[in-house]
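Okay, structure first, notes after.
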Amino acid sequence: GLTPIKSTKIVVPGVVEAKIRMECVLEQAIPLGGTEGAPACDLLIGRVVQYHLSEEAYQNTYIIAKELRPVSRLAGNDYAKLGEQFRLERPQ
């Protein structure tokens with residue numbers, strides 16, 4: 001149910017509905033865990049070559065989290081949404 005959109009600097013299309021898109025190129029793939037012939041997973045390191053930011057999620061050099069509505073992947077089939085937000089002034 002998502003809409004593909006042509007990327008500007010890479011071949012792989014992006015997703016129109018994404019409020020922030022990053023076009024990346026692979027810098028390094030590092031196999032981790034498991035065995036040498038069958039790693040458990042890979043650590044992929046990419047270089048961002050192009051950003052796309054929707055106007056409603058970006059304002060005055062800041063990301064507006066309420067508009068972005070981020071989702072994080074946890075473990076297995078579990079995901080989380082952004083919860084309570086608060087502000088803490090940094091000491092000078």
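In the structure tokens, each chain is lettered A, B, ... as it comes, each chain's residues begin at 1, and ligands are numbered from 1 in order of appearance.
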
I'd like the contact shell of Glu17 of chain A - 10 Å cut-off, only C-alpha atoms, skipping same-chain residues fewer than 4 positions apart - returned as a ChimeraX atom specification. /A:1-5,21,54

Those in chain A with alpha helix (DSSP H) from DSSP, as a list of chain:residue names: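 Filtering chain A to alpha helix (DSSP H) leaves A:Ala65, A:Lys66, A:Glu67, A:Leu68.
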
Expected file contents, prior selection, N, CA and C atoms, as a PDB file, in the first residue's frame:
```
ATOM      1  N   ALA A  65       8.906  16.027  15.946  1.00  0.00           N
ATOM      2  CA  ALA A  65       8.643  14.607  16.214  1.00  0.00           C
ATOM      3  C   ALA A  65       7.163  14.264  16.137  1.00  0.00           C
ATOM      4  N   LYS A  66       6.281  15.169  16.589  1.00  0.00           N
ATOM      5  CA  LYS A  66       4.842  14.880  16.537  1.00  0.00           C
ATOM      6  C   LYS A  66       4.373  14.681  15.105  1.00  0.00           C
ATOM      7  N   GLU A  67       4.941  15.428  14.176  1.00  0.00           N
ATOM      8  CA  GLU A  67       4.582  15.279  12.764  1.00  0.00           C
ATOM      9  C   GLU A  67       5.256  14.064  12.139  1.00  0.00           C
ATOM     10  N   LEU A  68       6.446  13.768  12.593  1.00  0.00           N
ATOM     11  CA  LEU A  68       7.206  12.642  12.047  1.00  0.00           C
ATOM     12  C   LEU A  68       6.574  11.307  12.448  1.00  0.00           C
TER      13      LEU A  68
END
```

What lies within 9 Å of Lys9 of chain A using only C-alpha atoms, ignoring chain neighbours under 2 positions off, as a ChimeraX atom specification? /A:7,11,23-24,49-50

With N, CA, C and O atoms retained, could you export that selection as a PDB file, in the first residue's frame?
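Result saved to result.pdb:
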```
ATOM      1  N   SER A   7      14.319   7.973  -6.838  1.00  0.00           N
ATOM      2  CA  SER A   7      15.356   8.646  -6.053  1.00  0.00           C
ATOM      3  C   SER A   7      16.167   9.556  -6.974  1.00  0.00           C
ATOM      4  O   SER A   7      16.167   9.380  -8.191  1.00  0.00           O
ATOM      5  N   VAL A  11      19.669   4.263  -7.518  1.00  0.00           N
ATOM      6  CA  VAL A  11      18.722   3.562  -8.389  1.00  0.00           C
ATOM      7  C   VAL A  11      17.470   3.107  -7.634  1.00  0.00           C
ATOM      8  O   VAL A  11      16.374   3.110  -8.181  1.00  0.00           O
ATOM      9  N   GLU A  23      18.772   8.759   0.954  1.00  0.00           N
ATOM     10  CA  GLU A  23      19.344   7.918  -0.091  1.00  0.00           C
ATOM     11  C   GLU A  23      20.773   7.592   0.334  1.00  0.00           C
ATOM     12  O   GLU A  23      21.548   8.489   0.658  1.00  0.00           O
ATOM     13  N   CYS A  24      21.094   6.300   0.375  1.00  0.00           N
ATOM     14  CA  CYS A  24      22.395   5.868   0.877  1.00  0.00           C
ATOM     15  C   CYS A  24      23.100   4.956  -0.113  1.00  0.00           C
ATOM     16  O   CYS A  24      22.455   4.266  -0.895  1.00  0.00           O
ATOM     17  N   VAL A  49      23.741  10.117   0.756  1.00  0.00           N
ATOM     18  CA  VAL A  49      24.116  10.983  -0.365  1.00  0.00           C
ATOM     19  C   VAL A  49      23.026  11.991  -0.716  1.00  0.00           C
ATOM     20  O   VAL A  49      23.257  12.919  -1.480  1.00  0.00           O
ATOM     21  N   GLN A  50      21.820  11.819  -0.140  1.00  0.00           N
ATOM     22  CA  GLN A  50      20.723  12.762  -0.397  1.00  0.00           C
ATOM     23  C   GLN A  50      19.678  12.624   0.694  1.00  0.00           C
ATOM     24  O   GLN A  50      19.335  11.520   1.089  1.00  0.00           O
TER      25      GLN A  50
END
```

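With distances restricted to only C-alpha atoms, A:Ile45 is the closest residue to Leu26 of chain A from A:Val12, A:Leu74, A:Ala38, A:Ile45.
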
Run DSSP on the backbone and tell me which residues of chain A come out as strand (DSSP E); list them as a PyMOL selection string. chain A and resi 4-5+14-15+20-32+41-53+58-59+62-63+71-73+79-81

Counting only C-alpha atoms, closest pick from A:Gly34, A:Gln92, A:Ile63, A:His52 relative to Met22 of chain A is A:His52
